[in-house]
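Worksheet: the structure to be examined is printed underneath.
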Amino acid sequence: MKLEALLNRFLLHPPPPSQSYNGEIEAAVLVPLQLVDGQLQIVFTRRPDDIPHHPNQICFPGGKRELGDTDLMATALRETEEELGISASTIKVLGVLPSRITRTGFFVQPFLGMLSHDQFSPDPVEVAELFSLPVSEILQPHAFHGETVAINNEQLEIFGSYSSNGLIWGMTAHILVDLIKQLNAPT
């Protein structure tokens, strides 16, 4: 998918209003896009396997809102800067996707953003791997489904999809499906 086509679809069809915040812990993520050799890609991180929460999972940069964050967009930009090692000023926020409330009590607001440079210095405490996948590989409506997988020696029912870099599941998968719906909305 070309950037212009994505922007036109995204701007023509604003996402539905976010769910209401109801006392959950506020958090935000950035769905980072970049152009690689003229091809639009989505940037992902893989969390280290020695951290207590969500080890080894593929995700987007993001985290909890801190006191100094003026709003959730500031949270997404700060977290992206910290995790990817890039300046927040090099990110152009394109829009917002529907918020999600996790089963663990987080209110997560996703933002879609375009990265203007491709030199990263990931924080090894938060990022074990940084990679990008073509939008065309990720944004297939039929790619995401429920299945049973073994995670941490436990059989879990999850919602996700296998990519060339591994299983994308949970909140990250739901955010990608919301992006697919946004881009596939009727004209």
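Here's how to read the names in the structure tokens: chain A, B, ... by the order shown, residue numbers from 1 in each chain, ligand numbers from 1 in the order shown.
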Practice task
Excluding segment 164-169 of chain A and residues on its chain fewer than 5 positions from it, collect all residues at most 7 Å away from it, counting only C-alpha atoms, and give them as number ranges by chain.
Solution key: A: 58, 158-159
Same residues, all heavy atoms, output as a PDB file, in the first residue's frame:
```pdb
ATOM      1  N   ILE A  58       5.466  -9.350  20.561  1.00  0.00           N
ATOM      2  CA  ILE A  58       5.562  -8.332  19.519  1.00  0.00           C
ATOM      3  C   ILE A  58       4.539  -7.255  19.855  1.00  0.00           C
ATOM      4  O   ILE A  58       3.384  -7.562  20.174  1.00  0.00           O
ATOM      5  CB  ILE A  58       5.272  -8.938  18.134  1.00  0.00           C
ATOM      6  CG1 ILE A  58       6.369  -9.946  17.763  1.00  0.00           C
ATOM      7  CG2 ILE A  58       5.155  -7.840  17.079  1.00  0.00           C
ATOM      8  CD1 ILE A  58       6.090 -10.728  16.487  1.00  0.00           C
ATOM      9  N   ILE A 158      -6.065 -17.379  22.083  1.00  0.00           N
ATOM     10  CA  ILE A 158      -5.661 -16.011  21.769  1.00  0.00           C
ATOM     11  C   ILE A 158      -6.275 -15.585  20.447  1.00  0.00           C
ATOM     12  O   ILE A 158      -6.751 -16.398  19.658  1.00  0.00           O
ATOM     13  CB  ILE A 158      -4.126 -15.849  21.727  1.00  0.00           C
ATOM     14  CG1 ILE A 158      -3.505 -16.764  20.654  1.00  0.00           C
ATOM     15  CG2 ILE A 158      -3.501 -16.166  23.069  1.00  0.00           C
ATOM     16  CD1 ILE A 158      -2.975 -16.036  19.493  1.00  0.00           C
ATOM     17  N   PHE A 159      -6.227 -14.291  20.199  1.00  0.00           N
ATOM     18  CA  PHE A 159      -6.626 -13.708  18.930  1.00  0.00           C
ATOM     19  C   PHE A 159      -5.365 -13.141  18.326  1.00  0.00           C
ATOM     20  O   PHE A 159      -4.676 -12.337  18.961  1.00  0.00           O
ATOM     21  CB  PHE A 159      -7.667 -12.601  19.159  1.00  0.00           C
ATOM     22  CG  PHE A 159      -8.046 -11.876  17.911  1.00  0.00           C
ATOM     23  CD1 PHE A 159      -8.928 -12.445  17.005  1.00  0.00           C
ATOM     24  CD2 PHE A 159      -7.522 -10.620  17.627  1.00  0.00           C
ATOM     25  CE1 PHE A 159      -9.282 -11.786  15.845  1.00  0.00           C
ATOM     26  CE2 PHE A 159      -7.871  -9.957  16.474  1.00  0.00           C
ATOM     27  CZ  PHE A 159      -8.759 -10.530  15.582  1.00  0.00           C
TER      28      PHE A 159
END
```
Problem - Selection near Glu157 of chain A, 12 Å with only C-alpha atoms, sequence-local residues under 4 positions removed, as a PyMOL selection string - result: chain A and resi 145-151+169-170
Residue selection dump (C-alpha atoms) as a PDB file, in the first residue's frame:
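Output (result09.pdb):
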```
ATOM      1  CA  HIS A 145      -8.322 -15.220  14.037  1.00  0.00           C
ATOM      2  CA  GLY A 146      -8.669 -17.076  17.309  1.00  0.00           C
ATOM      3  CA  GLU A 147      -6.490 -20.085  17.998  1.00  0.00           C
ATOM      4  CA  THR A 148      -4.912 -22.063  20.798  1.00  0.00           C
ATOM      5  CA  VAL A 149      -1.190 -21.595  21.312  1.00  0.00           C
ATOM      6  CA  ALA A 150       1.395 -22.574  23.909  1.00  0.00           C
ATOM      7  CA  ILE A 151       2.714 -19.510  25.716  1.00  0.00           C
ATOM      8  CA  TRP A 169      -1.507 -11.311  19.227  1.00  0.00           C
ATOM      9  CA  GLY A 170      -3.440  -9.624  22.015  1.00  0.00           C
TER      10      GLY A 170
END
```
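You can rank A:Leu97, A:Thr102, A:Ile86, A:Ser163 by their closest distance to Ser132 of chain A using only C-alpha atoms, and at the top of that list sits A:Ser163.
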Exercise for the section: Check segment 20-130 of chain A with DSSP on the backbone and list each residue it calls alpha helix (DSSP H), as JSON, numbers by chain. Expected result: {"A": [72, 73, 74, 75, 76, 77, 78, 79, 80, 81, 82, 83, 84]}
Handout entry: Contact residues around Phe107 of chain A with only C-alpha atoms at 6 Å, ignoring same-chain residues under 4 positions, as a VMD selection string
Key = chain A and resid 24 to 27 100 to 101
Now that the selection is made, can you save its residues with N, CA, C and O atoms as an mmCIF file, in the first residue's frame?
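Printed below is part-v8.cif as written:
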```cif
data_model
loop_
_atom_site.group_PDB
_atom_site.id
_atom_site.type_symbol
_atom_site.label_atom_id
_atom_site.label_comp_id
_atom_site.auth_asym_id
_atom_site.auth_seq_id
_atom_site.Cartn_x
_atom_site.Cartn_y
_atom_site.Cartn_z
ATOM 1 N N GLU A 24 -9.779 3.137 34.422
ATOM 2 C CA GLU A 24 -8.655 2.263 34.083
ATOM 3 C C GLU A 24 -7.361 3.093 34.082
ATOM 4 O O GLU A 24 -7.385 4.312 34.050
ATOM 5 N N ILE A 25 -6.246 2.402 34.066
ATOM 6 C CA ILE A 25 -4.940 3.065 33.976
ATOM 7 C C ILE A 25 -4.757 3.539 32.542
ATOM 8 O O ILE A 25 -4.873 2.752 31.597
ATOM 9 N N GLU A 26 -4.476 4.831 32.366
ATOM 10 C CA GLU A 26 -4.326 5.390 31.027
ATOM 11 C C GLU A 26 -2.983 4.993 30.416
ATOM 12 O O GLU A 26 -1.946 5.050 31.077
ATOM 13 N N ALA A 27 -3.032 4.620 29.140
ATOM 14 C CA ALA A 27 -1.830 4.252 28.396
ATOM 15 C C ALA A 27 -2.035 4.611 26.929
ATOM 16 O O ALA A 27 -3.165 4.835 26.490
ATOM 17 N N ARG A 100 -8.950 1.059 23.351
ATOM 18 C CA ARG A 100 -9.264 -0.297 23.795
ATOM 19 C C ARG A 100 -9.069 -0.373 25.298
ATOM 20 O O ARG A 100 -8.195 0.289 25.842
ATOM 21 N N ILE A 101 -9.862 -1.191 25.945
ATOM 22 C CA ILE A 101 -9.694 -1.436 27.372
ATOM 23 C C ILE A 101 -9.252 -2.887 27.524
ATOM 24 O O ILE A 101 -9.901 -3.803 27.011
#
```
Give one line per residue of segment 82-185 of chain A that approaches segment 35-50 of chain A to at most 10 Å, naming the two atoms of the closest pair and their distance in Å to one decimal, counting only C-alpha atoms; sort by chain then ascending residue number and deliver it as JSON lines.
```
{"residue": "A:Glu83", "atom": "CA", "partner": "A:Thr45", "partner_atom": "CA", "distance": 8.7}
{"residue": "A:Leu84", "atom": "CA", "partner": "A:Thr45", "partner_atom": "CA", "distance": 8.6}
{"residue": "A:Leu112", "atom": "CA", "partner": "A:Ile42", "partner_atom": "CA", "distance": 9.9}
{"residue": "A:Gly113", "atom": "CA", "partner": "A:Ile42", "partner_atom": "CA", "distance": 9.8}
{"residue": "A:Met114", "atom": "CA", "partner": "A:Leu35", "partner_atom": "CA", "distance": 8.6}
{"residue": "A:Leu115", "atom": "CA", "partner": "A:Leu35", "partner_atom": "CA", "distance": 8.3}
{"residue": "A:Ser116", "atom": "CA", "partner": "A:Leu35", "partner_atom": "CA", "distance": 8.5}
{"residue": "A:His117", "atom": "CA", "partner": "A:Leu35", "partner_atom": "CA", "distance": 9.0}
{"residue": "A:Asp118", "atom": "CA", "partner": "A:Val36", "partner_atom": "CA", "distance": 8.5}
{"residue": "A:Pro122", "atom": "CA", "partner": "A:Thr45", "partner_atom": "CA", "distance": 9.0}
{"residue": "A:Pro124", "atom": "CA", "partner": "A:Pro48", "partner_atom": "CA", "distance": 7.8}
{"residue": "A:Val125", "atom": "CA", "partner": "A:Pro48", "partner_atom": "CA", "distance": 7.2}
{"residue": "A:Glu126", "atom": "CA", "partner": "A:Arg47", "partner_atom": "CA", "distance": 6.0}
{"residue": "A:Val127", "atom": "CA", "partner": "A:Arg47", "partner_atom": "CA", "distance": 5.0}
{"residue": "A:Ala128", "atom": "CA", "partner": "A:Pro48", "partner_atom": "CA", "distance": 4.6}
{"residue": "A:Glu129", "atom": "CA", "partner": "A:Arg46", "partner_atom": "CA", "distance": 5.0}
{"residue": "A:Leu130", "atom": "CA", "partner": "A:Thr45", "partner_atom": "CA", "distance": 4.6}
{"residue": "A:Phe131", "atom": "CA", "partner": "A:Phe44", "partner_atom": "CA", "distance": 5.5}
{"residue": "A:Ser132", "atom": "CA", "partner": "A:Val43", "partner_atom": "CA", "distance": 4.2}
{"residue": "A:Leu133", "atom": "CA", "partner": "A:Gln41", "partner_atom": "CA", "distance": 5.3}
{"residue": "A:Pro134", "atom": "CA", "partner": "A:Gln41", "partner_atom": "CA", "distance": 4.3}
{"residue": "A:Val135", "atom": "CA", "partner": "A:Gln41", "partner_atom": "CA", "distance": 5.1}
{"residue": "A:Ser136", "atom": "CA", "partner": "A:Gln41", "partner_atom": "CA", "distance": 8.3}
{"residue": "A:Glu137", "atom": "CA", "partner": "A:Gln41", "partner_atom": "CA", "distance": 9.1}
{"residue": "A:Ile138", "atom": "CA", "partner": "A:Ile42", "partner_atom": "CA", "distance": 8.3}
{"residue": "A:Leu139", "atom": "CA", "partner": "A:Ile42", "partner_atom": "CA", "distance": 9.9}
{"residue": "A:Asn165", "atom": "CA", "partner": "A:Arg46", "partner_atom": "CA", "distance": 9.6}
{"residue": "A:Gly166", "atom": "CA", "partner": "A:Arg46", "partner_atom": "CA", "distance": 9.7}
{"residue": "A:Ile168", "atom": "CA", "partner": "A:Phe44", "partner_atom": "CA", "distance": 9.7}
{"residue": "A:Thr172", "atom": "CA", "partner": "A:Phe44", "partner_atom": "CA", "distance": 9.5}
```
Restricted to N, CA, C and O atoms, what would the selected residues look like written as a short mmCIF file (atom, residue, chain, number, x, y, z; two decimals), in the first residue's frame?
```cif
data_model
loop_
_atom_site.label_atom_id
_atom_site.label_comp_id
_atom_site.auth_asym_id
_atom_site.auth_seq_id
_atom_site.Cartn_x
_atom_site.Cartn_y
_atom_site.Cartn_z
N GLU A 83 11.73 4.21 23.68
CA GLU A 83 11.94 2.82 23.26
C GLU A 83 12.74 2.70 21.97
O GLU A 83 13.56 1.81 21.83
N LEU A 84 12.48 3.58 21.00
CA LEU A 84 13.15 3.48 19.70
C LEU A 84 14.42 4.32 19.61
O LEU A 84 15.20 4.17 18.68
N LEU A 112 -1.67 6.65 15.14
CA LEU A 112 -0.97 6.25 13.91
C LEU A 112 0.01 7.36 13.59
O LEU A 112 -0.37 8.54 13.57
N GLY A 113 1.27 7.01 13.38
CA GLY A 113 2.28 8.04 13.13
C GLY A 113 3.28 7.63 12.08
O GLY A 113 3.58 6.45 11.90
N MET A 114 3.78 8.63 11.39
CA MET A 114 4.78 8.43 10.33
C MET A 114 6.15 8.84 10.87
O MET A 114 6.30 9.96 11.37
N LEU A 115 7.11 7.94 10.78
CA LEU A 115 8.48 8.23 11.20
C LEU A 115 9.22 8.87 10.04
O LEU A 115 9.15 8.37 8.92
N SER A 116 9.94 9.94 10.33
CA SER A 116 10.64 10.63 9.24
C SER A 116 12.10 10.22 9.13
O SER A 116 12.81 10.72 8.27
N HIS A 117 12.57 9.36 9.99
CA HIS A 117 13.92 8.84 9.82
C HIS A 117 13.97 7.39 10.22
O HIS A 117 13.08 6.88 10.89
N ASP A 118 15.02 6.72 9.79
CA ASP A 118 15.08 5.27 9.98
C ASP A 118 16.30 4.81 10.78
O ASP A 118 16.65 3.65 10.76
N PRO A 122 17.37 1.50 19.79
CA PRO A 122 16.40 0.93 20.74
C PRO A 122 16.99 0.76 22.13
O PRO A 122 18.17 0.43 22.30
N PRO A 124 17.67 -1.34 25.10
CA PRO A 124 17.72 -2.79 25.28
C PRO A 124 16.94 -3.28 26.50
O PRO A 124 16.59 -4.46 26.57
N VAL A 125 16.63 -2.41 27.43
CA VAL A 125 15.83 -2.81 28.60
C VAL A 125 14.38 -3.05 28.18
O VAL A 125 13.71 -3.91 28.73
N GLU A 126 13.90 -2.30 27.17
CA GLU A 126 12.51 -2.40 26.75
C GLU A 126 12.32 -3.09 25.40
O GLU A 126 11.22 -3.54 25.09
N VAL A 127 13.38 -3.15 24.59
CA VAL A 127 13.26 -3.66 23.22
C VAL A 127 14.34 -4.70 22.96
O VAL A 127 15.53 -4.39 22.96
N ALA A 128 13.92 -5.94 22.73
CA ALA A 128 14.87 -7.01 22.39
C ALA A 128 15.14 -7.02 20.89
O ALA A 128 16.22 -7.39 20.45
N GLU A 129 14.13 -6.63 20.11
CA GLU A 129 14.24 -6.65 18.65
C GLU A 129 13.35 -5.55 18.08
O GLU A 129 12.27 -5.28 18.59
N LEU A 130 13.83 -4.95 17.03
CA LEU A 130 13.08 -3.93 16.30
C LEU A 130 13.03 -4.38 14.85
O LEU A 130 14.06 -4.74 14.27
N PHE A 131 11.83 -4.43 14.27
CA PHE A 131 11.71 -4.85 12.87
C PHE A 131 10.49 -4.18 12.25
O PHE A 131 9.62 -3.66 12.95
N SER A 132 10.46 -4.21 10.94
CA SER A 132 9.29 -3.67 10.24
C SER A 132 8.77 -4.73 9.28
O SER A 132 9.51 -5.58 8.80
N LEU A 133 7.46 -4.65 9.05
CA LEU A 133 6.79 -5.56 8.12
C LEU A 133 5.99 -4.74 7.13
O LEU A 133 5.41 -3.71 7.51
N PRO A 134 5.92 -5.17 5.88
CA PRO A 134 5.14 -4.43 4.89
C PRO A 134 3.67 -4.35 5.30
O PRO A 134 3.11 -5.33 5.81
N VAL A 135 3.08 -3.20 5.09
CA VAL A 135 1.66 -3.02 5.38
C VAL A 135 0.85 -4.09 4.65
O VAL A 135 -0.10 -4.65 5.20
N SER A 136 1.26 -4.42 3.43
CA SER A 136 0.52 -5.41 2.64
C SER A 136 0.52 -6.78 3.31
O SER A 136 -0.43 -7.55 3.16
N GLU A 137 1.55 -7.12 4.08
CA GLU A 137 1.60 -8.41 4.79
C GLU A 137 0.69 -8.40 6.01
O GLU A 137 0.05 -9.40 6.33
N ILE A 138 0.61 -7.29 6.68
CA ILE A 138 -0.10 -7.20 7.94
C ILE A 138 -1.59 -6.94 7.77
O ILE A 138 -2.42 -7.50 8.47
N LEU A 139 -1.95 -6.08 6.83
CA LEU A 139 -3.33 -5.60 6.76
C LEU A 139 -4.21 -6.46 5.86
O LEU A 139 -4.87 -5.98 4.94
N ASN A 165 7.77 -12.58 11.25
CA ASN A 165 8.61 -12.41 12.43
C ASN A 165 8.01 -13.03 13.69
O ASN A 165 8.49 -12.78 14.78
N GLY A 166 6.95 -13.79 13.54
CA GLY A 166 6.36 -14.45 14.69
C GLY A 166 4.92 -14.08 14.93
O GLY A 166 4.29 -13.39 14.13
N ILE A 168 1.75 -12.30 16.24
CA ILE A 168 1.25 -10.99 16.66
C ILE A 168 -0.11 -11.26 17.27
O ILE A 168 -1.01 -11.77 16.59
N THR A 172 -2.03 -5.81 20.41
CA THR A 172 -1.41 -5.42 19.14
C THR A 172 -2.25 -5.92 17.97
O THR A 172 -2.51 -5.18 17.01
#
```
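Atom CA of Gly63 of chain A to atom CA of Ala76 of chain A spans 7.2 Å [interatomic distance, one decimal].
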Exercise for the section: Go ahead and compute the interatomic distance for atom CA of Val96 of chain A and atom CA of Leu183 of chain A, in Å to one decimal. Expected result: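 It comes out at 12.8 Å.
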Handout entry: Secondary structure check, strand (DSSP E or B) residues of segment 47-177 of chain A, as a PyMOL selection string
Key = chain A and resi 58-59+62-64+91-96+100-101+106-115+129-134+145-151+154-163+166-169
Write the residues of the selection above to a file with C-alpha atoms, as a PDB file, in the first residue's frame.
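out-v2.pdb written:
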```pdb
ATOM      1  CA  ILE A  58       5.562  -8.332  19.519  1.00  0.00           C
ATOM      2  CA  CYS A  59       4.081  -4.921  20.208  1.00  0.00           C
ATOM      3  CA  GLY A  62       3.957   2.710  24.239  1.00  0.00           C
ATOM      4  CA  GLY A  63       3.149   2.591  27.892  1.00  0.00           C
ATOM      5  CA  LYS A  64       1.455   4.205  30.863  1.00  0.00           C
ATOM      6  CA  ILE A  91       7.175  11.703  14.219  1.00  0.00           C
ATOM      7  CA  LYS A  92       4.142  13.044  12.364  1.00  0.00           C
ATOM      8  CA  VAL A  93       0.936  11.898  14.061  1.00  0.00           C
ATOM      9  CA  LEU A  94      -1.562  11.024  11.308  1.00  0.00           C
ATOM     10  CA  GLY A  95      -4.557  10.205  13.470  1.00  0.00           C
ATOM     11  CA  VAL A  96      -6.051   8.178  16.239  1.00  0.00           C
ATOM     12  CA  ARG A 100      -9.264  -0.297  23.795  1.00  0.00           C
ATOM     13  CA  ILE A 101      -9.694  -1.436  27.372  1.00  0.00           C
ATOM     14  CA  PHE A 106      -5.663  -0.418  31.038  1.00  0.00           C
ATOM     15  CA  PHE A 107      -7.336   2.187  28.828  1.00  0.00           C
ATOM     16  CA  VAL A 108      -5.104   2.163  25.715  1.00  0.00           C
ATOM     17  CA  GLN A 109      -5.267   4.919  23.100  1.00  0.00           C
ATOM     18  CA  PRO A 110      -3.485   4.017  19.821  1.00  0.00           C
ATOM     19  CA  PHE A 111      -2.111   6.712  17.518  1.00  0.00           C
ATOM     20  CA  LEU A 112      -0.974   6.253  13.915  1.00  0.00           C
ATOM     21  CA  GLY A 113       2.278   8.041  13.134  1.00  0.00           C
ATOM     22  CA  MET A 114       4.783   8.429  10.334  1.00  0.00           C
ATOM     23  CA  LEU A 115       8.478   8.231  11.205  1.00  0.00           C
ATOM     24  CA  GLU A 129      14.243  -6.649  18.654  1.00  0.00           C
ATOM     25  CA  LEU A 130      13.083  -3.929  16.297  1.00  0.00           C
ATOM     26  CA  PHE A 131      11.707  -4.846  12.875  1.00  0.00           C
ATOM     27  CA  SER A 132       9.286  -3.670  10.240  1.00  0.00           C
ATOM     28  CA  LEU A 133       6.795  -5.563   8.123  1.00  0.00           C
ATOM     29  CA  PRO A 134       5.136  -4.430   4.893  1.00  0.00           C
ATOM     30  CA  HIS A 145      -8.322 -15.220  14.037  1.00  0.00           C
ATOM     31  CA  GLY A 146      -8.669 -17.076  17.309  1.00  0.00           C
ATOM     32  CA  GLU A 147      -6.490 -20.085  17.998  1.00  0.00           C
ATOM     33  CA  THR A 148      -4.912 -22.063  20.798  1.00  0.00           C
ATOM     34  CA  VAL A 149      -1.190 -21.595  21.312  1.00  0.00           C
ATOM     35  CA  ALA A 150       1.395 -22.574  23.909  1.00  0.00           C
ATOM     36  CA  ILE A 151       2.714 -19.510  25.716  1.00  0.00           C
ATOM     37  CA  GLU A 154       0.420 -22.917  29.035  1.00  0.00           C
ATOM     38  CA  GLN A 155      -2.264 -23.481  26.383  1.00  0.00           C
ATOM     39  CA  LEU A 156      -4.061 -20.184  25.771  1.00  0.00           C
ATOM     40  CA  GLU A 157      -6.916 -19.125  23.519  1.00  0.00           C
ATOM     41  CA  ILE A 158      -5.661 -16.011  21.769  1.00  0.00           C
ATOM     42  CA  PHE A 159      -6.626 -13.708  18.930  1.00  0.00           C
ATOM     43  CA  GLY A 160      -3.788 -13.068  16.526  1.00  0.00           C
ATOM     44  CA  SER A 161      -1.888 -13.837  13.369  1.00  0.00           C
ATOM     45  CA  TYR A 162       1.464 -15.302  12.421  1.00  0.00           C
ATOM     46  CA  SER A 163       3.754 -12.898  10.589  1.00  0.00           C
ATOM     47  CA  GLY A 166       6.365 -14.452  14.694  1.00  0.00           C
ATOM     48  CA  LEU A 167       3.004 -14.354  16.418  1.00  0.00           C
ATOM     49  CA  ILE A 168       1.249 -10.988  16.656  1.00  0.00           C
ATOM     50  CA  TRP A 169      -1.507 -11.311  19.227  1.00  0.00           C
TER      51      TRP A 169
END
```
Handout entry: Atomic distance atom CA of Pro32 of chain A - atom CA of Leu179 of chain A, expressed in Å with one decimal
Key =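 Calculated distance between atom CA of Pro32 of chain A and atom CA of Leu179 of chain A is 12.2 Å.
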